[in-house]
$ cat start-v3.txt   # compact mmCIF, C-alpha atoms
# COMPACT_ATOMS: atom_id res chain seq x y z
CA MET T 1 4.05 10.75 -62.41
CA GLU T 2 5.29 9.65 -65.82
CA GLU T 3 7.35 12.82 -66.10
CA GLN T 4 9.01 12.12 -62.75
CA ALA T 5 9.78 8.52 -63.79
CA VAL T 6 11.57 9.64 -66.97
CA LYS T 7 15.08 10.62 -66.01
CA THR T 8 17.16 12.94 -68.15
CA LYS T 9 20.91 12.83 -68.77
CA ALA T 10 21.51 16.09 -66.91
CA GLY T 11 24.90 16.07 -65.17
CA MET T 12 25.84 12.63 -66.57
CA GLY T 13 29.00 13.78 -68.40
CA LEU T 14 30.40 15.55 -65.36
CA GLY T 15 29.32 12.62 -63.18
CA ILE T 16 31.32 10.20 -65.33
CA ALA T 17 34.36 12.50 -65.20
CA GLY T 18 33.99 12.85 -61.42
CA PHE T 19 33.69 9.09 -60.99
CA VAL T 20 36.78 8.35 -63.07
CA LEU T 21 38.87 11.00 -61.28
CA GLY T 22 37.59 9.88 -57.86
CA LEU T 23 38.44 6.25 -58.53
CA VAL T 24 41.89 7.16 -59.85
CA ALA T 25 42.47 9.25 -56.71
CA LEU T 26 41.31 6.36 -54.52
CA ILE T 27 43.70 3.88 -56.13
CA ILE T 28 46.67 6.26 -56.18
CA SER T 29 46.11 7.40 -52.59
CA PHE T 30 47.04 3.95 -51.29
CA ILE T 31 50.46 4.03 -52.98
CA PRO T 32 52.79 5.85 -50.54
CA CYS T 33 55.03 7.24 -53.29
CA LEU T 34 52.08 8.84 -55.07
CA GLY T 35 49.64 9.33 -52.21
CA THR T 36 49.96 13.11 -52.02
CA TRP T 37 49.56 13.45 -55.80
CA ALA T 38 46.11 11.86 -55.49
CA LEU T 39 44.87 15.13 -53.97
CA ILE T 40 44.71 16.71 -57.43
CA PRO T 41 42.35 14.23 -59.13
CA GLY T 42 40.48 13.79 -55.85
CA VAL T 43 39.65 17.47 -55.43
CA VAL T 44 38.81 17.91 -59.12
CA GLY T 45 36.60 14.80 -59.02
CA LEU T 46 34.86 16.13 -55.92
CA ILE T 47 34.12 19.46 -57.56
CA LEU T 48 32.89 17.85 -60.78
CA SER T 49 30.68 15.42 -58.86
CA ALA T 50 29.17 18.23 -56.80
CA ILE T 51 28.41 20.25 -59.93
CA ALA T 52 26.96 17.16 -61.62
CA LEU T 53 24.74 16.50 -58.59
CA SER T 54 23.34 20.00 -58.65
CA MET T 55 22.76 19.77 -62.42
CA ALA T 56 21.02 16.39 -62.01
CA THR T 57 18.86 17.75 -59.20
CA LYS T 58 17.75 20.72 -61.26
CA GLY T 59 17.34 18.77 -64.51
CA ASN T 60 15.73 15.65 -63.05
CA GLY T 61 18.73 13.54 -64.00
CA ALA T 62 19.76 10.09 -62.78
CA LYS T 63 21.76 10.50 -59.59
CA GLY T 64 23.06 6.97 -58.90
CA LEU T 65 26.38 7.28 -60.68
CA ILE T 66 26.86 10.87 -59.50
CA ILE T 67 26.38 9.92 -55.83
CA ALA T 68 28.82 7.02 -56.31
CA ALA T 69 31.29 9.49 -57.88
CA LEU T 70 30.88 11.83 -54.92
CA ILE T 71 31.47 9.09 -52.36
CA VAL T 72 34.52 7.71 -54.16
CA SER T 73 35.99 11.22 -54.60
CA ILE T 74 35.47 12.02 -50.90
CA ILE T 75 37.17 8.81 -49.77
CA GLY T 76 40.06 9.21 -52.24
CA THR T 77 40.58 12.87 -51.32
CA GLY T 78 40.40 12.06 -47.61
CA ILE T 79 43.07 9.38 -47.81
CA ALA T 80 45.29 11.58 -50.01
CA ALA T 81 44.86 14.50 -47.57
CA TYR T 82 45.84 12.24 -44.67
CA GLN T 83 48.94 11.08 -46.56
CA TRP T 84 49.87 14.72 -47.29
CA TYR T 85 49.38 15.73 -43.65
CA PHE T 86 51.23 12.69 -42.30
CA TRP T 87 54.33 13.00 -44.52
CA ASN T 88 54.44 16.78 -44.02
CA LYS T 89 54.43 16.20 -40.27
CA VAL T 90 57.22 13.61 -40.57
CA ALA T 91 59.27 15.95 -42.76
CA THR T 92 58.74 18.90 -40.35
CA GLU T 93 59.71 16.83 -37.33
CA ALA T 94 62.75 15.48 -39.14
CA THR T 95 63.83 19.03 -40.08
CA GLU T 96 63.27 20.30 -36.51
CA GLY T 97 65.12 17.33 -35.12
CA LEU T 98 68.06 18.02 -37.42
CA LYS T 99 68.05 21.71 -36.46
CA ASN T 100 67.94 20.88 -32.72
CA PHE T 101 70.77 18.41 -33.23
CA ASP T 102 72.76 21.05 -35.08
CA ASP T 103 72.25 23.60 -32.25
CA GLU T 104 73.14 21.05 -29.59
CA TRP T 105 76.21 20.02 -31.55
CA LYS T 106 77.39 23.65 -31.81
CA ASN T 107 76.81 24.19 -28.07
CA ALA T 108 78.70 21.02 -27.25
CA MET T 109 81.59 22.08 -29.49
CA ASN T 110 81.67 25.54 -27.86
CA ASP T 111 81.71 23.97 -24.39
CA LEU T 112 84.49 21.62 -25.48
CA ASN T 113 86.53 24.52 -26.84
CA GLY T 114 86.08 26.38 -23.54
CA GLU T 115 87.16 23.35 -21.53
CA LEU T 116 90.19 22.85 -23.77
CA GLU T 117 91.23 26.49 -23.33
CA ASN T 118 90.91 26.21 -19.55
CA LEU T 119 92.93 23.00 -19.64
CA ASP T 120 95.56 24.72 -21.75
CA THR T 121 95.81 27.61 -19.28
CA ASP T 122 96.05 25.26 -16.29
CA LEU T 123 98.68 23.19 -18.05
CA ASN T 124 100.74 26.23 -18.89
CA GLU T 125 100.54 27.45 -15.27
CA GLN T 126 101.63 24.07 -13.98
CA LEU T 127 104.48 23.91 -16.50
CA ASP T 128 105.61 27.40 -15.43
CA ALA T 129 105.47 26.34 -11.78
CA VAL T 130 107.52 23.25 -12.51
CA ALA T 131 110.04 25.29 -14.51
CA ASP T 132 110.35 27.81 -11.64
CA SER T 133 110.89 25.08 -9.07
CA LEU T 134 113.55 23.47 -11.26
CA THR T 135 115.32 26.80 -11.65
CA GLU T 136 115.30 27.35 -7.85
CA ASP T 137 116.69 23.88 -7.26
CA ALA T 138 119.45 24.49 -9.80
CA THR T 139 120.62 27.72 -8.07
CA GLU T 140 120.55 26.38 -4.41
CA PRO T 141 123.49 23.88 -4.51
CA THR T 142 125.92 26.56 -5.89
CA GLU T 143 125.19 28.84 -2.89
CA SER T 144 125.85 26.04 -0.35
CA ASN T 145 129.16 25.14 -2.08
CA GLU T 146 130.38 28.73 -1.77
CA SER T 147 129.60 28.88 1.98
CA THR T 148 131.69 25.76 2.80
CA GLU T 149 134.76 27.13 1.04
CA MET D 1 12.04 -5.44 -96.69
CA LEU D 2 10.81 -2.50 -94.66
CA LEU D 3 10.64 -4.66 -91.54
CA ASN D 4 14.25 -5.82 -92.08
CA GLN D 5 15.40 -2.24 -92.47
CA GLN D 6 13.52 -1.28 -89.33
CA ASN D 7 15.11 -4.15 -87.43
CA LEU D 8 18.56 -3.11 -88.61
CA THR D 9 17.92 0.48 -87.58
CA ASN D 10 16.70 -0.64 -84.16
CA GLN D 11 19.78 -2.80 -83.67
CA LEU D 12 22.05 0.08 -84.65
CA ASN D 13 20.20 2.43 -82.28
CA ASN D 14 20.47 -0.10 -79.46
CA LYS D 15 24.20 -0.49 -80.00
CA THR D 16 24.63 3.27 -80.12
CA LEU D 17 22.72 3.52 -76.86
CA LEU D 18 24.91 0.84 -75.37
CA LEU D 19 28.02 2.74 -76.44
CA LYS D 20 26.71 5.88 -74.85
CA GLN D 21 25.84 4.19 -71.55
CA PRO D 22 27.90 5.63 -68.72
CA TYR D 23 29.24 2.21 -67.73
CA GLN D 24 30.61 1.64 -71.24
CA ILE D 25 32.23 5.07 -71.29
CA ILE D 26 33.80 4.45 -67.89
CA ASN D 27 35.10 1.08 -69.08
CA LEU D 28 36.74 2.66 -72.10
CA ILE D 29 38.28 5.48 -70.02
CA PHE D 30 39.77 3.08 -67.48
CA ALA D 31 41.04 0.79 -70.23
CA GLY D 32 42.76 3.86 -71.69
CA ILE D 33 44.26 4.76 -68.29
CA PHE D 34 45.62 1.25 -67.75
CA ILE D 35 47.04 1.15 -71.27
CA SER D 36 48.71 4.51 -70.55
CA ILE D 37 50.35 2.97 -67.48
CA MET D 38 51.73 0.15 -69.65
CA ILE D 39 52.99 2.65 -72.24
CA TYR D 40 54.60 4.81 -69.50
CA SER D 41 56.35 1.74 -68.11
CA GLY D 42 57.49 0.67 -71.56
CA PHE D 43 58.69 4.15 -72.54
CA PHE D 44 60.95 4.69 -69.53
CA SER D 45 63.64 2.21 -68.64
CA ALA D 46 64.85 0.84 -65.29
CA GLU D 47 68.47 0.72 -66.46
CA LYS D 48 68.51 4.40 -67.42
CA ASN D 49 66.47 5.28 -64.28
CA ASN D 50 64.83 8.18 -66.10
CA HIS D 51 61.31 8.00 -64.64
CA PRO D 52 59.98 11.50 -64.04
CA ILE D 53 57.88 10.67 -60.95
CA ASP D 54 59.95 10.63 -57.73
CA CYS D 55 59.00 9.21 -54.37
CA GLN D 56 57.70 11.95 -52.05
CA VAL D 57 58.36 9.84 -48.96
CA TYR D 58 62.03 9.32 -49.87
CA GLU D 59 62.48 13.00 -50.71
CA ASN D 60 61.00 14.11 -47.37
CA THR D 61 62.45 11.51 -45.03
CA GLY D 62 65.45 10.01 -46.83
CA LYS D 63 64.06 6.53 -46.18
CA PRO D 64 62.49 4.31 -48.90
CA CYS D 65 58.78 3.47 -48.68
CA PRO D 66 57.18 0.12 -49.68
CA THR D 67 56.52 1.35 -53.22
CA CYS D 68 59.95 2.80 -53.98
CA GLY D 69 61.24 1.23 -57.19
CA LEU D 70 57.73 0.51 -58.45
CA SER D 71 58.15 2.42 -61.72
CA ARG D 72 61.39 0.58 -62.46
CA SER D 73 59.73 -2.72 -61.56
CA PHE D 74 56.85 -2.05 -63.94
CA SER D 75 59.35 -1.20 -66.68
CA GLU D 76 61.07 -4.55 -66.11
CA ILE D 77 57.75 -6.45 -66.04
CA ILE D 78 56.78 -4.91 -69.40
CA ARG D 79 60.09 -6.22 -70.74
CA PHE D 80 59.32 -9.67 -69.21
CA GLU D 81 62.24 -9.41 -66.74
CA LEU D 82 60.28 -10.64 -63.72
CA ASP D 83 63.37 -11.54 -61.65
CA LYS D 84 64.74 -8.01 -61.88
CA ALA D 85 61.27 -6.56 -61.25
CA VAL D 86 61.01 -8.35 -57.89
CA ILE D 87 64.45 -7.04 -56.89
CA TYR D 88 63.39 -3.42 -57.52
CA ASN D 89 60.15 -3.80 -55.56
CA LYS D 90 58.71 -6.95 -54.02
CA TYR D 91 55.08 -5.81 -54.33
CA SER D 92 55.33 -4.93 -58.02
CA LEU D 93 54.00 -8.23 -59.39
CA LYS D 94 50.82 -7.99 -57.31
CA LEU D 95 50.21 -4.34 -58.22
CA PHE D 96 50.95 -4.87 -61.90
CA SER D 97 48.64 -7.86 -62.00
CA PHE D 98 45.87 -5.66 -60.57
CA PHE D 99 46.22 -3.14 -63.41
CA PHE D 100 46.58 -5.85 -66.05
CA ILE D 101 43.57 -7.86 -64.86
CA GLU D 102 41.49 -4.69 -64.60
CA LEU D 103 42.44 -3.80 -68.18
CA VAL D 104 41.31 -7.23 -69.37
CA LEU D 105 38.10 -6.96 -67.34
CA ARG D 106 37.27 -3.52 -68.76
CA LEU D 107 37.63 -4.78 -72.31
CA CYS D 108 35.72 -8.00 -71.59
CA PHE D 109 32.81 -6.25 -69.90
CA PHE D 110 32.69 -3.69 -72.68
CA ILE D 111 32.44 -6.43 -75.31
CA ILE D 112 29.95 -8.49 -73.28
CA LEU D 113 27.65 -5.50 -72.83
CA TYR D 114 28.10 -4.31 -76.41
CA PHE D 115 26.89 -7.62 -77.78
CA ASN D 116 24.27 -7.85 -75.04
CA PHE D 117 25.36 -11.27 -73.82
CA ILE D 118 24.49 -10.53 -70.20
CA ARG D 119 22.28 -7.88 -68.61
CA LEU D 120 23.86 -4.70 -67.31
CA ARG D 121 22.88 -5.19 -63.66
CA ILE D 122 24.47 -8.63 -63.52
CA ILE D 123 27.65 -7.32 -65.15
CA LEU D 124 27.75 -4.39 -62.71
CA PHE D 125 27.35 -6.70 -59.72
CA ILE D 126 30.05 -9.09 -60.92
CA ASP D 127 32.35 -6.19 -61.82
CA ILE D 128 32.04 -4.55 -58.40
CA ILE D 129 32.64 -7.81 -56.53
CA ILE D 130 35.67 -8.82 -58.61
CA SER D 131 37.21 -5.33 -58.58
CA VAL D 132 36.85 -4.85 -54.81
CA VAL D 133 38.23 -8.31 -53.99
CA LEU D 134 41.10 -7.85 -56.46
CA PHE D 135 41.92 -4.41 -55.04
CA LEU D 136 41.89 -5.66 -51.44
CA TYR D 137 44.13 -8.61 -52.33
CA CYS D 138 46.65 -6.73 -54.48
CA PHE D 139 46.87 -3.63 -52.25
CA SER D 140 46.68 -5.48 -48.91
CA ASP D 141 50.34 -4.75 -48.09
CA LEU D 142 49.89 -1.01 -48.68
CA ILE D 143 46.42 -0.34 -47.28
CA PHE D 144 47.49 -0.16 -43.64
CA TYR D 145 51.05 1.09 -44.25
CA VAL D 146 50.50 4.67 -43.18
$ encode --input "start-v3.txt" --output "structure tokens"
Amino acid sequence: MEEQAVKTKAGMGLGIAGFVLGLVALIISFIPCLGTWALIPGVVGLILSAIALSMATKGNGAKGLIIAALIVSIIGTGIAAYQWYFWNKVATEATEGLKNFDDEWKNAMNDLNGELENLDTDLNEQLDAVADSLTEDATEPTESNESTE
Amino acid sequence: MLLNQQNLTNQLNNKTLLLKQPYQIINLIFAGIFISIMIYSGFFSAEKNNHPIDCQVYENTGKPCPTCGLSRSFSEIIRFELDKAVIYNKYSLKLFSFFFIELVLRLCFFIILYFNFIRLRIILFIDIIISVVLFLYCFSDLIFYV
């Protein structure tokens, strides 16, 4: 009983490191500019806390701080992971949106070019028709003048 | 004579134990981190805009996030240019005050515990309450941003 009551310092160093890294990750994860960077200290803190917990379990060490380190690291890593996922999704959708816009723009330009070419052809045909009719009108009066003489 | 020497030795051992307590170590580490933030802000300048950390949100979306300009703001606050700091980022004063107050608290709690003015459990309780309330107040604009 006395042996169980006496706690050792097994895992305490790693527990302190895990707690510090987890808390740093938690604070940074709420800052949008740095949220994704919080994944690094969060994951490292999580690993250190897990190792510290196993060392404390085996060596009959005090687990209070280590469990607090684990909880803080999990929360910090979770928020940082959500930030990373969210901003990646936004960036992907923005890139796809730009690509779709680019394709639609090219299609629209191609259609416009086609329409302009058709318009050009029609215009040329109409101009030719008008030119032909003007030429016919110009030749007709000379023929009628010759017949009266 | 022997008793006095024993008392001195016990006091030294107690203070060494106090220094080695995890809470004291954590206090010193966080004080170091917050001092590093102040040094980082003082080293880089807002006018030269040479801060190495860029905003991931702005790089990915092209739009500024609520904390864009924070590094420059902190640099201006360190130089006591509070008007310019607010122009760079309107939340900078709140966030900087969080780090500054936490730095002061770390040092105060370290000294209080070192000289054994108050018991550890009471200090821990007060520390947790103050830190959580301060964090919720200073980060309230950012917590639900995403």
$ residues_around --input "start-v3.txt" --residues "Gly15 (chain T)" --least-positions-apart "4" --cutoff "10 Å" --atoms "all atoms listed in the file" --output "list in words"
Ala10, Gly11, Phe19, Val20, Leu21, Gly45, Leu46, Leu48, Ser49, Ala50, Ile51, Ala52, Leu53, Met55, Ala56, Ala62, Lys63, Gly64, Leu65, Ile66, Ile67, Ala68, Ala69 and Leu70 of chain T; Pro22 of chain D
$ write_last_selection --input "start-v3.txt" --atoms "C-alpha atoms" --output "short mmCIF file (atom, residue, chain, number, x, y, z; two decimals), keeping the file's coordinate frame"
data_model
loop_
_atom_site.label_atom_id
_atom_site.label_comp_id
_atom_site.auth_asym_id
_atom_site.auth_seq_id
_atom_site.Cartn_x
_atom_site.Cartn_y
_atom_site.Cartn_z
CA ALA T 10 21.51 16.09 -66.91
CA GLY T 11 24.90 16.07 -65.17
CA PHE T 19 33.69 9.09 -60.99
CA VAL T 20 36.78 8.35 -63.07
CA LEU T 21 38.87 11.00 -61.28
CA GLY T 45 36.60 14.80 -59.02
CA LEU T 46 34.86 16.13 -55.92
CA LEU T 48 32.89 17.85 -60.78
CA SER T 49 30.68 15.42 -58.86
CA ALA T 50 29.17 18.23 -56.80
CA ILE T 51 28.41 20.25 -59.93
CA ALA T 52 26.96 17.16 -61.62
CA LEU T 53 24.74 16.50 -58.59
CA MET T 55 22.76 19.77 -62.42
CA ALA T 56 21.02 16.39 -62.01
CA ALA T 62 19.76 10.09 -62.78
CA LYS T 63 21.76 10.50 -59.59
CA GLY T 64 23.06 6.97 -58.90
CA LEU T 65 26.38 7.28 -60.68
CA ILE T 66 26.86 10.87 -59.50
CA ILE T 67 26.38 9.92 -55.83
CA ALA T 68 28.82 7.02 -56.31
CA ALA T 69 31.29 9.49 -57.88
CA LEU T 70 30.88 11.83 -54.92
CA PRO D 22 27.90 5.63 -68.72
#
$ atom_distance --input "start-v3.txt" --atom1 "CA of Ser133 (chain T)" --atom2 "CA of Glu115 (chain T)"
26.9 Å
$ residues_around --input "start-v3.txt" --residues "region 88-92 of chain D" --least-positions-apart "2" --cutoff "7 Å" --atoms "all atoms listed in the file" --output "list in words"
Thr67, Cys68, Gly69, Leu70, Arg72, Ser73, Phe74, Lys84, Ala85, Val86, Lys94, Leu95 and Phe96 of chain D
$ interface_residues --input "start-v3.txt" --of "chain T" --to "chain D" --cutoff "8 Å" --atoms "all atoms listed in the file" --output "list in words"
Met12, Ile16, Val20, Phe30, Ile31, Pro32, Cys33, Leu34, Thr36, Gln83, Trp87, Asn88, Val90, Ala91 and Ala94 of chain T
$ closest_residue --input "start-v3.txt" --among "T:Thr8, T:Asp137, T:Asp132, T:Ile27" --to "Phe98 (chain D)" --atoms "all atoms listed in the file"
T:Ile27
$ atom_distance --input "start-v3.txt" --atom1 "CA of Ala80 (chain T)" --atom2 "CA of Leu93 (chain D)"
23.6 Å
$ residues_around --input "start-v3.txt" --residues "Ala31 (chain D)" --least-positions-apart "6" --cutoff "7 Å" --atoms "only C-alpha atoms" --output "PyMOL selection string"
chain D and resi 103+106-107
$ atom_distance --input "start-v3.txt" --atom1 "CA of Leu136 (chain D)" --atom2 "CA of Asp83 (chain D)"
24.5 Å
$ axis_aligned_box --input "start-v3.txt" --around "region 119-124 of chain D" --padding-each-side "3 Å" --output "AutoDock Vina command-line options"
--center_x 25.0 --center_y -6.5 --center_z -65.7 --size_x 11.5 --size_y 10.2 --size_z 11.9
$ residues_around --input "start-v3.txt" --residues "region 120-128 of chain D" --least-positions-apart "5" --cutoff "9 Å" --atoms "only C-alpha atoms" --output "list in words"
Tyr23, Leu105, Arg106, Phe109, Ile112, Leu113 and Val133 of chain D
$ decode --input "start-v3.txt" --residues "region 74-92 of chain T" --atoms "N, CA, C and O atoms" --output "CSV table (one decimal), in the first residue's frame"
chain,number,residue,atom,x,y,z
T,74,ILE,N,-4.5,16.8,-27.9
T,74,ILE,CA,-5.6,16.2,-28.7
T,74,ILE,C,-6.5,17.4,-29.2
T,74,ILE,O,-6.8,17.5,-30.4
T,75,ILE,N,-6.9,18.3,-28.3
T,75,ILE,CA,-7.7,19.4,-28.7
T,75,ILE,C,-7.0,20.3,-29.7
T,75,ILE,O,-7.5,20.7,-30.7
T,76,GLY,N,-5.7,20.7,-29.4
T,76,GLY,CA,-5.0,21.5,-30.2
T,76,GLY,C,-4.8,20.9,-31.6
T,76,GLY,O,-4.9,21.6,-32.6
T,77,THR,N,-4.4,19.6,-31.6
T,77,THR,CA,-4.2,19.0,-32.9
T,77,THR,C,-5.5,18.9,-33.7
T,77,THR,O,-5.5,19.1,-35.0
T,78,GLY,N,-6.6,18.6,-33.0
T,78,GLY,CA,-7.9,18.5,-33.7
T,78,GLY,C,-8.3,19.8,-34.4
T,78,GLY,O,-8.7,19.9,-35.5
T,79,ILE,N,-8.1,20.9,-33.6
T,79,ILE,CA,-8.5,22.3,-34.2
T,79,ILE,C,-7.5,22.6,-35.4
T,79,ILE,O,-8.0,23.1,-36.4
T,80,ALA,N,-6.3,22.3,-35.2
T,80,ALA,CA,-5.3,22.6,-36.3
T,80,ALA,C,-5.6,21.7,-37.5
T,80,ALA,O,-5.5,22.2,-38.7
T,81,ALA,N,-6.0,20.5,-37.3
T,81,ALA,CA,-6.3,19.6,-38.4
T,81,ALA,C,-7.6,20.1,-39.1
T,81,ALA,O,-7.6,20.1,-40.4
T,82,TYR,N,-8.5,20.6,-38.4
T,82,TYR,CA,-9.7,21.1,-39.0
T,82,TYR,C,-9.4,22.4,-39.8
T,82,TYR,O,-9.9,22.6,-40.9
T,83,GLN,N,-8.5,23.2,-39.3
T,83,GLN,CA,-8.1,24.4,-40.0
T,83,GLN,C,-7.4,24.0,-41.3
T,83,GLN,O,-7.7,24.6,-42.4
T,84,TRP,N,-6.5,23.0,-41.3
T,84,TRP,CA,-5.8,22.5,-42.5
T,84,TRP,C,-6.8,22.0,-43.5
T,84,TRP,O,-6.7,22.3,-44.7
T,85,TYR,N,-7.8,21.2,-43.0
T,85,TYR,CA,-8.7,20.6,-43.9
T,85,TYR,C,-9.6,21.7,-44.6
T,85,TYR,O,-9.8,21.7,-45.8
T,86,PHE,N,-10.0,22.6,-43.7
T,86,PHE,CA,-11.0,23.7,-44.2
T,86,PHE,C,-10.3,24.5,-45.3
T,86,PHE,O,-10.8,24.8,-46.3
T,87,TRP,N,-9.1,25.1,-45.0
T,87,TRP,CA,-8.4,26.0,-45.9
T,87,TRP,C,-7.9,25.2,-47.2
T,87,TRP,O,-7.9,25.8,-48.2
T,88,ASN,N,-7.6,23.9,-47.0
T,88,ASN,CA,-7.3,23.1,-48.2
T,88,ASN,C,-8.5,23.0,-49.1
T,88,ASN,O,-8.4,23.1,-50.4
T,89,LYS,N,-9.7,22.8,-48.5
T,89,LYS,CA,-10.9,22.6,-49.3
T,89,LYS,C,-11.2,23.9,-50.0
T,89,LYS,O,-11.6,23.9,-51.2
T,90,VAL,N,-11.1,25.1,-49.3
T,90,VAL,CA,-11.3,26.4,-49.9
T,90,VAL,C,-10.4,26.6,-51.0
T,90,VAL,O,-10.8,27.1,-52.1
T,91,ALA,N,-9.1,26.3,-50.8
T,91,ALA,CA,-8.1,26.5,-51.9
T,91,ALA,C,-8.4,25.6,-53.1
T,91,ALA,O,-8.3,26.1,-54.3
T,92,THR,N,-8.8,24.4,-52.9
T,92,THR,CA,-9.1,23.4,-54.0
T,92,THR,C,-10.3,23.9,-54.7
T,92,THR,O,-10.3,23.9,-56.0
